[in-house]
Protein chains: 2
Amino acid sequence: MDILSYVAQEVQKETGVRLHKRNVERVIAAALVTRDFWKLVDLSDLPVPAASGIVKKLVSEGILFINEKEDILLTQKGYDIVAELGIEPFVDYTCQACEGRGYPFYADKELYRTFVELTKDRPKAIRDYDQGSVTPETTVSRVLFIDSRGDLRGKDIIVMGAEDDLTGLAIALTRKAHRVLIIDIDKRLIDFDNRIFKELGIDNAEAKVWDLRNPLGEDMLGQFNVFVTDPPETFAAFKAFIGRGIATLKEEGCAGYFGLTLRDSSLFRWREFQETLVGEYGVVITDIVQDFNHYMNWDYHSETKAAELAPVRRDPTDIWYRSSWYRVETLPGFKRWNEPISDDVFYLDEEGSTT
Amino acid sequence: MDILSYVAQEVQKETGVRLHKRNVERVIAAALVTRDFWKLVDLSDLPVPAASGIVKKLVSEGILFINEKEDILLTQKGYDIVAELGIEPFVDYTCQACEGRGYPFYADKELYRTFVELTKDRPKAIRDYDQGSVTPETTVSRVLFIDSRGDLRGKDIIVMGAEDDLTGLAIALTRKAHRVLIIDIDKRLIDFDNRIFKELGIDNAEAKVWDLRNPLGEDMLGQFNVFVTDPPETFAAFKAFIGRGIATLKEEGCAGYFGLTLRDSSLFRWREFQETLVGEYGVVITDIVQDFNHYMNWDYHSETKAAELAPVRRDPTDIWYRSSWYRVETLPGFKRWNEPISDDVFYLDEEGSTT
């Protein structure tokens, strides 16, 4: 067995995260362009437990080493393997204008400026609810994306369990939707939004406290044209956020938006999510834009399983946590999933670690 | 039944293309920002037979009319419906720098310039093989996208039945792949590529004539890290291009790239394609970038079913045919589909019309 497959197999045994040799190759390719562990997780597109496990195993195999500054470096043996296997460093031609999203936040400077001013005192991300806010550039780009797809103007929109990003607020600020309902478990965010709506006289938007583990009532089922959410990546949470999101939609031709990451979930799990979307829920996936959502670092990072598992103690210094932006559309016969959730692995499982 | 649902139902009966009311709403929303039929097809994201059918029906219902210059316009009744239903005009915040692709072609100006110079005498798109070339900006952006995903440097790459776009040539011009094999049914393109490879001394790239209706041989099965293709949107062609593409891949963690359009196929068909990819072939979809591929107009347009079905005789004056860019990745247990195709609806069915 070649060394990459061997490392993949050993780390899979240890962490329970499904892996193959290309995952190991990507970690080495990332190590050719960065010395920072968190940047390496970003580039290798792996769940943190997997990236940590691979780095530790490569260190114990003498392929990588970690110096006293906690830089991750290739050993001579590492460089020999790179040359032998023809592993090439990562390159990145991402558009500098739109940060690769296809829709630049500055296409509506007025909205961006208003949003940044109004949210300067936003509630801080807290660990209890797996929060981690996206950058204001991300939030505004989401709104422009939604608008460009014909899913904003005159539409009834629900933003579910993701208001730490204040996407519901940004949508309401455009004053272009017909109705905006924001539901989130965190009362701080709900109060924050409602206060702004009141101050600005935005009377078609409303925020209310809701725990998505509970089934939605008739006042929300089948009432909206568009839902927006950003679930934790366990299967239970996927159903609670996306399944229920689809359940809020009125009819065929309605749309759902959500982020899915590869930092807390693997491509194996993505395939299962995609089977559920297309096969079970009966929607079609119209967009997957990688690395659309950029998350700001959260204060509770040092308390997370990710920080504990990491081969270094050094904190992230830059954005390293990103997620893809999905859009799905309902087709005739789509299914409204709305079961109660009694799952205790709502936020965390073998692939997740940043809660 | 509301007027939008009624139009959708009638046009579905007539054309056989599956439709719902939101499709009709999109055509009206498009008519608020363009008078040109081909631009309207572009904005409404519908197969040409569907868009044509909807426009004709809306004309006969007195909602749209077509003037002597072949402009498509709303009648007073049309404007009344727009106001009553709250239909809003399309807006578009697409990034001007990268044309929404996330990877701007000018990130490698040298490659772009070389490609444009070398291909100034490229073979013209012909109808026999459903050809229609993408813009050089599209081709170069594809290469930069592939490179940014770690799928170019040191990799064995096959480009299948899509060389009217000269993507195989552009990949070879980077001289960064380990090996490039181009297969296409059109001998003109094969000769064109091989002549350039010979002139420039590119000895790791090769082009050969191949009809994808035939199963691939052992020399191609399981031999590549990456495949690139651009299929016609019938199910038979999807299997011949994508199924066989996956069959060329070596192992898990390999990647496939292809375009899928909504101009010759509906979201209903997309869902079937996605079920086939995820469920039957066992790959995961990692990217869907809408409107990534921009196709130049083809000389044989006036001979197509699309031109015949259109409610106007006026030719397209600008780019109107776009497709999404898909990336899939193999997971353990993925399936290599390689059956012979004896299907006579290879290029055309009820949703297709541009062949």
# chains A, B, ... in the order shown; residues from 1 in each chain; ligands from 1
>>> residues_around(residues="Asp151 (chain B)", least_positions_apart="6", cutoff="8 Å", atoms="only C-alpha atoms", output="JSON, numbers by chain")
{"B": [225, 226, 255]}
>>> interface_residues(of="chain A", to="chain B", cutoff="6 Å", atoms="only C-alpha atoms", output="PDB file with N, CA and C atoms, in the first residue's frame")
ATOM      1  N   ARG A  22      -6.454  10.805  -1.670  1.00  0.00           N
ATOM      2  CA  ARG A  22      -6.433  12.167  -2.202  1.00  0.00           C
ATOM      3  C   ARG A  22      -6.559  13.203  -1.082  1.00  0.00           C
ATOM      4  N   VAL A  91      -2.798  26.386  -6.039  1.00  0.00           N
ATOM      5  CA  VAL A  91      -2.842  27.726  -6.622  1.00  0.00           C
ATOM      6  C   VAL A  91      -4.271  28.211  -6.500  1.00  0.00           C
ATOM      7  N   ASP A  92      -4.469  29.501  -6.632  1.00  0.00           N
ATOM      8  CA  ASP A  92      -5.798  30.047  -6.416  1.00  0.00           C
ATOM      9  C   ASP A  92      -6.019  31.268  -7.298  1.00  0.00           C
ATOM     10  N   TYR A  93      -6.907  31.129  -8.259  1.00  0.00           N
ATOM     11  CA  TYR A  93      -7.209  32.227  -9.178  1.00  0.00           C
ATOM     12  C   TYR A  93      -8.551  32.892  -8.836  1.00  0.00           C
ATOM     13  N   THR A  94      -8.986  32.759  -7.598  1.00  0.00           N
ATOM     14  CA  THR A  94     -10.280  33.329  -7.191  1.00  0.00           C
ATOM     15  C   THR A  94     -10.353  34.820  -7.509  1.00  0.00           C
ATOM     16  N   CYS A  95     -11.503  35.239  -8.000  1.00  0.00           N
ATOM     17  CA  CYS A  95     -11.722  36.643  -8.360  1.00  0.00           C
ATOM     18  C   CYS A  95     -11.537  37.543  -7.132  1.00  0.00           C
ATOM     19  N   GLY A 100     -14.852  35.514  -5.310  1.00  0.00           N
ATOM     20  CA  GLY A 100     -15.242  34.218  -5.857  1.00  0.00           C
ATOM     21  C   GLY A 100     -16.728  33.913  -5.789  1.00  0.00           C
ATOM     22  N   ARG A 101     -17.513  34.855  -5.274  1.00  0.00           N
ATOM     23  CA  ARG A 101     -18.946  34.566  -5.091  1.00  0.00           C
ATOM     24  C   ARG A 101     -19.766  34.773  -6.364  1.00  0.00           C
ATOM     25  N   GLY A 102     -19.209  35.528  -7.308  1.00  0.00           N
ATOM     26  CA  GLY A 102     -19.968  35.825  -8.520  1.00  0.00           C
ATOM     27  C   GLY A 102     -20.838  37.062  -8.378  1.00  0.00           C
ATOM     28  N   TYR A 103     -21.082  37.502  -7.136  1.00  0.00           N
ATOM     29  CA  TYR A 103     -21.883  38.702  -6.852  1.00  0.00           C
ATOM     30  C   TYR A 103     -21.131  39.547  -5.835  1.00  0.00           C
ATOM     31  N   PRO A 104     -20.568  40.669  -6.244  1.00  0.00           N
ATOM     32  CA  PRO A 104     -19.747  41.474  -5.320  1.00  0.00           C
ATOM     33  C   PRO A 104     -20.621  42.292  -4.372  1.00  0.00           C
ATOM     34  N   SER A 148     -30.793  38.550  -7.467  1.00  0.00           N
ATOM     35  CA  SER A 148     -30.481  38.253  -8.871  1.00  0.00           C
ATOM     36  C   SER A 148     -31.185  36.994  -9.370  1.00  0.00           C
ATOM     37  N   GLY A 253     -41.491  25.660  -7.661  1.00  0.00           N
ATOM     38  CA  GLY A 253     -40.842  26.875  -8.157  1.00  0.00           C
ATOM     39  C   GLY A 253     -40.413  27.812  -7.047  1.00  0.00           C
ATOM     40  N   ARG A 271     -22.730  13.807  -0.014  1.00  0.00           N
ATOM     41  CA  ARG A 271     -23.479  12.951  -0.937  1.00  0.00           C
ATOM     42  C   ARG A 271     -24.787  12.491  -0.295  1.00  0.00           C
ATOM     43  N   VAL A 284     -34.615  20.218  -6.558  1.00  0.00           N
ATOM     44  CA  VAL A 284     -33.455  20.149  -7.450  1.00  0.00           C
ATOM     45  C   VAL A 284     -32.429  21.159  -6.960  1.00  0.00           C
ATOM     46  N   ASP A 287     -27.686  25.593  -7.503  1.00  0.00           N
ATOM     47  CA  ASP A 287     -26.390  26.267  -7.327  1.00  0.00           C
ATOM     48  C   ASP A 287     -25.610  25.642  -6.173  1.00  0.00           C
ATOM     49  N   ILE A 288     -24.314  25.473  -6.364  1.00  0.00           N
ATOM     50  CA  ILE A 288     -23.390  25.203  -5.252  1.00  0.00           C
ATOM     51  C   ILE A 288     -22.159  26.067  -5.509  1.00  0.00           C
ATOM     52  N   VAL A 289     -22.007  27.133  -4.734  1.00  0.00           N
ATOM     53  CA  VAL A 289     -20.849  28.014  -4.918  1.00  0.00           C
ATOM     54  C   VAL A 289     -19.896  27.797  -3.740  1.00  0.00           C
TER      55      VAL A 289
END
>>> residues_around(residues="Leu212 (chain B)", least_positions_apart="6", cutoff="9 Å", atoms="only C-alpha atoms", output="list of chain:residue names")
B:Met160, B:Gly161, B:Ile183, B:Asp184, B:Ile185, B:Ala237, B:Ala240, B:Phe241, B:Arg244, B:Pro340, B:Ile341
>>> write_last_selection(atoms="C-alpha atoms", output="PDB file, in the first residue's frame")
ATOM      1  CA  MET B 160     -14.329  14.036 -24.128  1.00  0.00           C
ATOM      2  CA  GLY B 161     -16.577  15.043 -26.994  1.00  0.00           C
ATOM      3  CA  ILE B 183     -11.322  12.516 -27.908  1.00  0.00           C
ATOM      4  CA  ASP B 184     -13.956  13.933 -30.229  1.00  0.00           C
ATOM      5  CA  ILE B 185     -16.066  12.741 -33.144  1.00  0.00           C
ATOM      6  CA  ALA B 237     -26.101  11.669 -24.231  1.00  0.00           C
ATOM      7  CA  ALA B 240     -22.529   8.535 -22.930  1.00  0.00           C
ATOM      8  CA  PHE B 241     -20.671  11.654 -21.836  1.00  0.00           C
ATOM      9  CA  ARG B 244     -18.310   7.218 -19.535  1.00  0.00           C
ATOM     10  CA  PRO B 340     -23.150   0.886 -25.794  1.00  0.00           C
ATOM     11  CA  ILE B 341     -25.712   3.505 -26.845  1.00  0.00           C
TER      12      ILE B 341
END
>>> residues_around(residues="Asp45 (chain B)", least_positions_apart="6", cutoff="9 Å", atoms="only C-alpha atoms", output="PyMOL selection string")
chain B and resi 23+26-27+51+261-263+266
>>> residues_around(residues="Ile3 (chain B)", least_positions_apart="6", cutoff="12 Å", atoms="only C-alpha atoms", output="ChimeraX atom specification")
/B:9-10,20-22,24-25,54,57-58,61-63,77-78,81-82,84-85
>>> select_by_dssp(residues="region 90-268 of chain A", states="helix (DSSP H, G or I)", output="MDAnalysis selection string")
chainID A and resid 105:118 127:129 136:148 163:165 167:173 187:200 235:247 267:268
>>> closest_residue(among="B:Ala125, B:Leu46, B:Ala205, B:Ile28", to="Ala83 (chain B)", atoms="only C-alpha atoms")
B:Ile28
>>> closest_residue(among="A:Ser5, A:Ser265, A:Thr139, A:Thr248", to="Val17 (chain A)", atoms="only C-alpha atoms")
A:Ser265
>>> select_by_dssp(residues="region 142-342 of chain B", states="strand (DSSP E or B)", output="NGL selection string")
:B and (156-160 or 179-184 or 205-209 or 224 or 226-229 or 249 or 255-260 or 283-295 or 321-330)
>>> atom_distance(atom1="CA of Tyr281 (chain A)", atom2="CA of Glu233 (chain A)")
17.3 Å
